[in-house]
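Reading through the structure tokens given below for one structure.
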Amino acid sequence: MRKIAVLTSGGDAPGMNGAIRAIVRVGIKRGFEVYGVYEGYKGLVAGNIKKLGYSDVSEILSKGGTILESSRLPSFKEDKVQEQAIHQLKQRGIDGLVVIGGDGSYKGALALSQKGIDCIAIPGTIDNDINGTDETIGFHTALYNIIDAVNKLRDTSSSHHRCFVVEVMGNHADNLAIYSAIACGSEIVIIDKTEYDENKIIEELKICEEEYHKKHAIIIVSEKILDVEKLANRISEETGYSGRSIVLGHIQRGGSPVPEDRILASKMAEEAICLLEKRKSGLCICMKDNQIISKNIEEALIEKNENQDRLYQLFLDLA
Ligand code: ADP
Ligand code: F6P
């Protein structure tokens, strides 16, 4: 019986458990013996690997996070560390590996496939920053979490004439910021890709207040760009709104996955098993135009995000 393994790596994402469950159950049905690697590449190198059966993945579909746990191991870029990981797999007779993670994890999977392990990558990250695929597992839930939080903030915003400056995650990719700005109907969005001018933001808020008589104002800010507290203070000083800031942080990454992420995870995992049955390697699973397909990992990583400019323009037209 052929042996394969599955691991989760990088930031956890809601829906990773659905992918693990499907790898295990579909894998067993198609005749594989399936192993779970705990703590991502760190556990792979250390040999933290256990056989998984049907019941080991019961009742995990609705849970956030990853039952296999995750890690970041910067030294996995090194040849000798990758060789150690391969040794752990070969020692157990495992020749196929499914890596669920983001773009960093994809590079690790690519390296392992180039060293002879049949490796298939599945996009698991809230950032939706793997351009080869329209959607990554976890993105929908994170978006839902942001929208839920902003709906609540809007109540206070309208009641107290406040402007909330809300920092969202996204790791320079801007997808969570642009999509949530559209879905929340925020007044302003500040993203990484375009320059921002704080004076202009203050002017825009004055227009919201004086021309449109808005009681509320929401500014969505992509992380790692500016200090949201400082911006909120300036808003208090220079506009009629009192400014408040909030960093949503890891609240965005937690919680029960929404149906879109559970279904996407199950479909992508099934495709990964199909590819391993055909002894394919170095590929990643993508959702393109509503179809589950596969691409070379390198190709998926260098693709450009064609939709983002148009979505940003849509936001500007709506705001
Ligand atoms: P994500 O997979 O969510 O993008 P990271 O960028 O933190 O998260 O990457 C997760 C892990 O993938 C890293 O801690 C490291 O172990 C591995 N990794 C990242 N870049 C590379 C690389 N160039 N070569 C091999 N492994 C890598
Ligand atoms: O990649 C997912 C992500 O949540 C990014 O949006 C964010 O920049 C990063 O991980 C946060 O990493 P950590 O959990 O290590 O703080």
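If you're wondering about the labels, chains in the structure tokens are A, B, ... by order shown, residues count from 1 in each chain, ligands from 1 in order shown.
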Please tabulate, as a Markdown table, the residues of range 145-172 of chain A that come within 12 Å of range 136-140 of chain A, each with its closest pair of atoms and the distance in Å to one decimal, counting only C-alpha atoms and ordering rows by chain, then residue number upward.
| residue | atom | partner | partner_atom | distance |
| --- | --- | --- | --- | --- |
| A:Asn145 | CA | A:His140 | CA | 8.7 |
| A:Ile146 | CA | A:His140 | CA | 10.0 |
| A:Ile147 | CA | A:His140 | CA | 10.6 |
| A:Met169 | CA | A:Phe139 | CA | 10.8 |
| A:Gly170 | CA | A:Phe139 | CA | 9.6 |
Kindly export the residues of the current selection with N, CA, C and O atoms, as a tab-separated table (two decimals), in the first residue's frame.
chain	number	residue	atom	x	y	z
A	145	ASN	N	-15.12	37.35	9.17
A	145	ASN	CA	-14.76	37.85	10.51
A	145	ASN	C	-14.58	39.37	10.51
A	145	ASN	O	-14.98	40.05	11.44
A	146	ILE	N	-13.96	39.88	9.45
A	146	ILE	CA	-13.76	41.34	9.36
A	146	ILE	C	-15.11	42.04	9.24
A	146	ILE	O	-15.39	43.03	9.92
A	147	ILE	N	-15.95	41.50	8.38
A	147	ILE	CA	-17.25	42.15	8.13
A	147	ILE	C	-18.09	42.15	9.42
A	147	ILE	O	-18.72	43.14	9.77
A	169	MET	N	-5.44	42.22	8.35
A	169	MET	CA	-4.25	41.46	7.92
A	169	MET	C	-4.18	41.39	6.39
A	169	MET	O	-5.01	41.96	5.70
A	170	GLY	N	-3.23	40.64	5.89
A	170	GLY	CA	-3.14	40.47	4.44
A	170	GLY	C	-1.73	40.34	3.91
A	170	GLY	O	-1.53	40.02	2.75
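Using only C-alpha atoms, the contacts of Gly27 in chain A at a cut-off of 10 Å, with sequence neighbours closer than 2 positions omitted, comprise Lys3, Ile4, Ala5, Arg21, Ala22, Ile23, Val24, Arg25, Lys29, Arg30, Gly31, Phe32, Glu33, Val34, Tyr54, Ala269, Glu270, Ala272, Ile273, Cys274, Leu276 and Glu277 of chain A.
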Please report as CSV every residue of chain A lying within 6 Å of ligand 1, along with the nearest atom pair and their distance in Å (one decimal), using only C-alpha atoms and all ligand atoms.
residue,atom,partner,partner_atom_place_in_ligand_line,distance
A:Ser9,CA,ligand 1,10 (C),5.4
A:Gly10,CA,ligand 1,8 (O),3.5
A:Gly11,CA,ligand 1,3 (O),4.7
A:Tyr41,CA,ligand 1,16 (O),5.7
A:Arg72,CA,ligand 1,14 (O),3.1
A:Leu73,CA,ligand 1,16 (O),3.7
A:Pro74,CA,ligand 1,14 (O),4.6
A:Phe76,CA,ligand 1,16 (O),4.6
A:Lys77,CA,ligand 1,25 (C),3.8
A:Gly101,CA,ligand 1,2 (O),4.5
A:Gly102,CA,ligand 1,2 (O),3.3
A:Asp103,CA,ligand 1,4 (O),4.1
A:Gly104,CA,ligand 1,9 (O),3.5
A:Ser105,CA,ligand 1,12 (O),3.5
A:Lys107,CA,ligand 1,22 (C),4.6
A:Gly108,CA,ligand 1,26 (N),3.4
A:Thr125,CA,ligand 1,3 (O),5.8
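With only C-alpha atoms taken into account, the protein and nucleic acid residues at most 9 Å from Ile117 in chain A (excluding it and anything under 6 positions from it in its own chain) are Ile86, Leu89, Lys90, Ile94, Asp95, Gly96, Leu97, Ala109, Ser281 and Gly282 of chain A.
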Applying 7 Å and only C-alpha atoms, which residues near Gly40 in chain A remain after dropping the ones on its own chain fewer than 6 positions away? List them as a ChimeraX atom specification. /A:7-9,69-71
Write down as a PyMOL selection string the residues belonging to range 85-297 of chain A that are assigned alpha helix (DSSP H) by DSSP computed on the backbone. chain A and resi 85-91+103-114+139-160+175-184+198-210+228-238+259-277+297
Please identify all polymer residues within 12 Å of Thr194 in chain A, counting only C-alpha atoms, omitting same-chain residues fewer than 4 positions from it, and present them as a PDB file with N, CA and C atoms, in the first residue's frame.
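In the end it all went to part_24.pdb:
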ATOM      1  N   HIS A 172       0.792  42.369   2.927  1.00  0.00           N
ATOM      2  CA  HIS A 172       1.145  43.164   1.735  1.00  0.00           C
ATOM      3  C   HIS A 172       0.323  42.821   0.484  1.00  0.00           C
ATOM      4  N   ALA A 173      -0.589  41.877   0.582  1.00  0.00           N
ATOM      5  CA  ALA A 173      -1.301  41.469  -0.638  1.00  0.00           C
ATOM      6  C   ALA A 173      -2.556  42.311  -0.891  1.00  0.00           C
ATOM      7  N   ASP A 174      -3.084  42.960   0.148  1.00  0.00           N
ATOM      8  CA  ASP A 174      -4.224  43.880   0.034  1.00  0.00           C
ATOM      9  C   ASP A 174      -5.581  43.226  -0.221  1.00  0.00           C
ATOM     10  N   ILE A 178      -9.154  45.164   0.381  1.00  0.00           N
ATOM     11  CA  ILE A 178     -10.021  45.625  -0.719  1.00  0.00           C
ATOM     12  C   ILE A 178     -11.381  44.916  -0.680  1.00  0.00           C
ATOM     13  N   VAL A 189     -10.303  53.187   1.944  1.00  0.00           N
ATOM     14  CA  VAL A 189      -9.430  52.030   2.142  1.00  0.00           C
ATOM     15  C   VAL A 189      -7.988  52.471   1.874  1.00  0.00           C
ATOM     16  N   ILE A 190      -7.076  52.031   2.720  1.00  0.00           N
ATOM     17  CA  ILE A 190      -5.649  52.356   2.515  1.00  0.00           C
ATOM     18  C   ILE A 190      -4.926  51.043   2.271  1.00  0.00           C
ATOM     19  N   VAL A 221      -7.596  49.678   6.744  1.00  0.00           N
ATOM     20  CA  VAL A 221      -6.163  49.848   6.434  1.00  0.00           C
ATOM     21  C   VAL A 221      -5.494  48.483   6.378  1.00  0.00           C
ATOM     22  N   SER A 222      -4.794  48.214   5.288  1.00  0.00           N
ATOM     23  CA  SER A 222      -3.981  46.995   5.203  1.00  0.00           C
ATOM     24  C   SER A 222      -2.860  47.083   6.238  1.00  0.00           C
ATOM     25  N   ILE A 225       1.366  49.226   7.097  1.00  0.00           N
ATOM     26  CA  ILE A 225       1.526  50.469   6.320  1.00  0.00           C
ATOM     27  C   ILE A 225       1.687  51.674   7.241  1.00  0.00           C
ATOM     28  N   GLN A 308      -7.189  42.636  -9.167  1.00  0.00           N
ATOM     29  CA  GLN A 308      -7.156  43.552  -8.034  1.00  0.00           C
ATOM     30  C   GLN A 308      -7.366  45.030  -8.403  1.00  0.00           C
ATOM     31  N   ASP A 309      -6.751  45.458  -9.517  1.00  0.00           N
ATOM     32  CA  ASP A 309      -6.890  46.869  -9.895  1.00  0.00           C
ATOM     33  C   ASP A 309      -8.352  47.218 -10.143  1.00  0.00           C
ATOM     34  N   TYR A 312     -10.219  47.451  -6.878  1.00  0.00           N
ATOM     35  CA  TYR A 312      -9.888  48.688  -6.170  1.00  0.00           C
ATOM     36  C   TYR A 312     -10.644  49.864  -6.804  1.00  0.00           C
ATOM     37  N   GLN A 313     -10.680  49.867  -8.124  1.00  0.00           N
ATOM     38  CA  GLN A 313     -11.412  50.911  -8.832  1.00  0.00           C
ATOM     39  C   GLN A 313     -12.896  50.850  -8.476  1.00  0.00           C
TER      40      GLN A 313
END
Excluding Val168 in chain A and its own-chain neighbours fewer than 6 positions away, which residues fall within 9 Å of it when counting only C-alpha atoms? Please give them as a ChimeraX atom specification. /A:146,176-177,180,220-223,247-249,252
Name the residues of range 229-292 of chain A that come out as strand (DSSP E) in a backbone DSSP run; write them as a ChimeraX atom specification. /A:242-247,283-288,291-292
Atoms to include: all heavy atoms. Write the selected residues as a compact mmCIF listing (two decimals), in the first residue's frame.
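As a result, result.txt now contains:
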# COMPACT_ATOMS: atom_id res chain seq x y z
N SER A 242 -14.70 61.92 16.07
CA SER A 242 -13.64 61.54 17.02
C SER A 242 -13.08 60.21 16.51
O SER A 242 -13.83 59.28 16.18
CB SER A 242 -14.14 61.49 18.45
OG SER A 242 -15.02 60.45 18.64
N GLY A 243 -11.79 60.16 16.40
CA GLY A 243 -11.13 58.99 15.80
C GLY A 243 -10.88 57.89 16.82
O GLY A 243 -10.56 58.17 17.97
N ARG A 244 -11.06 56.66 16.39
CA ARG A 244 -10.73 55.50 17.22
C ARG A 244 -10.04 54.48 16.32
O ARG A 244 -10.39 54.36 15.14
CB ARG A 244 -11.99 54.84 17.80
CG ARG A 244 -12.73 55.67 18.82
CD ARG A 244 -11.98 55.68 20.15
NE ARG A 244 -12.77 56.27 21.22
CZ ARG A 244 -12.93 57.57 21.43
NH1 ARG A 244 -12.35 58.44 20.62
NH2 ARG A 244 -13.66 58.01 22.45
N SER A 245 -9.09 53.76 16.89
CA SER A 245 -8.40 52.77 16.05
C SER A 245 -8.56 51.38 16.63
O SER A 245 -8.75 51.23 17.84
CB SER A 245 -6.91 53.10 15.96
OG SER A 245 -6.33 53.01 17.23
N ILE A 246 -8.49 50.39 15.75
CA ILE A 246 -8.54 49.00 16.22
C ILE A 246 -7.73 48.12 15.26
O ILE A 246 -7.82 48.29 14.04
CB ILE A 246 -10.01 48.50 16.36
CG1 ILE A 246 -10.04 47.06 16.86
CG2 ILE A 246 -10.80 48.62 15.07
CD1 ILE A 246 -11.38 46.64 17.42
N VAL A 247 -6.93 47.25 15.85
CA VAL A 247 -6.18 46.27 15.05
C VAL A 247 -6.90 44.93 15.24
O VAL A 247 -6.93 44.40 16.34
CB VAL A 247 -4.71 46.18 15.54
CG1 VAL A 247 -3.95 45.11 14.79
CG2 VAL A 247 -4.02 47.54 15.41
N LEU A 283 3.14 20.23 -8.21
CA LEU A 283 1.94 20.95 -8.65
C LEU A 283 1.20 21.53 -7.46
O LEU A 283 1.35 21.06 -6.32
CB LEU A 283 1.00 19.99 -9.39
CG LEU A 283 1.53 19.33 -10.67
CD1 LEU A 283 0.49 18.37 -11.24
CD2 LEU A 283 1.88 20.39 -11.71
N CYS A 284 0.38 22.55 -7.73
CA CYS A 284 -0.50 23.07 -6.68
C CYS A 284 -1.92 23.12 -7.21
O CYS A 284 -2.15 23.21 -8.41
CB CYS A 284 -0.03 24.45 -6.22
SG CYS A 284 -0.02 25.67 -7.52
N ILE A 285 -2.84 23.05 -6.27
CA ILE A 285 -4.26 23.04 -6.64
C ILE A 285 -4.77 24.48 -6.69
O ILE A 285 -4.47 25.28 -5.80
CB ILE A 285 -5.09 22.24 -5.60
CG1 ILE A 285 -4.43 20.90 -5.27
CG2 ILE A 285 -6.52 22.05 -6.09
CD1 ILE A 285 -4.30 19.93 -6.39
N CYS A 286 -5.51 24.80 -7.74
CA CYS A 286 -6.03 26.16 -7.91
C CYS A 286 -7.53 26.12 -8.20
O CYS A 286 -8.02 25.15 -8.79
CB CYS A 286 -5.35 26.85 -9.10
SG CYS A 286 -3.56 26.86 -9.00
N MET A 287 -8.20 27.19 -7.84
CA MET A 287 -9.59 27.39 -8.26
C MET A 287 -9.55 28.51 -9.28
O MET A 287 -9.16 29.64 -8.97
CB MET A 287 -10.42 27.79 -7.04
CG MET A 287 -11.78 28.34 -7.37
SD MET A 287 -12.91 27.09 -7.93
CE MET A 287 -13.75 26.70 -6.44
N LYS A 288 -9.88 28.20 -10.54
CA LYS A 288 -9.87 29.23 -11.59
C LYS A 288 -11.21 29.20 -12.29
O LYS A 288 -11.64 28.14 -12.78
CB LYS A 288 -8.76 28.97 -12.60
CG LYS A 288 -7.45 29.66 -12.27
CD LYS A 288 -7.50 31.15 -12.58
CE LYS A 288 -6.43 31.92 -11.85
NZ LYS A 288 -6.57 33.35 -11.82
N GLN A 291 -13.48 26.40 -11.47
CA GLN A 291 -13.03 25.03 -11.75
C GLN A 291 -11.81 24.71 -10.90
O GLN A 291 -10.93 25.56 -10.73
CB GLN A 291 -12.61 24.88 -13.22
CG GLN A 291 -13.68 25.17 -14.25
CD GLN A 291 -14.79 24.14 -14.20
OE1 GLN A 291 -14.54 22.95 -14.05
NE2 GLN A 291 -16.03 24.61 -14.28
N ILE A 292 -11.75 23.49 -10.39
CA ILE A 292 -10.56 23.06 -9.67
C ILE A 292 -9.57 22.53 -10.70
O ILE A 292 -9.89 21.60 -11.46
CB ILE A 292 -10.89 21.94 -8.65
CG1 ILE A 292 -11.90 22.43 -7.60
CG2 ILE A 292 -9.61 21.41 -8.00
CD1 ILE A 292 -11.37 23.39 -6.58
All residues 9 Å or closer to range 198-212 of chain A, only C-alpha atoms, same chain fewer than 5 positions away omitted, as a PyMOL selection string: chain A and resi 163+187-188+217+231+234-235+238-241
Which of A:Leu110, A:Ile130, A:Ala19, A:Leu61 sits closest to ligand 2 [using only C-alpha atoms and all ligand atoms]: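 Closest residue, counting only C-alpha atoms and all ligand atoms: A:Ile130.
Coordinates place CA of Lys267 in chain A at a distance of 18.3 Å from CA of Asn296 in chain A.
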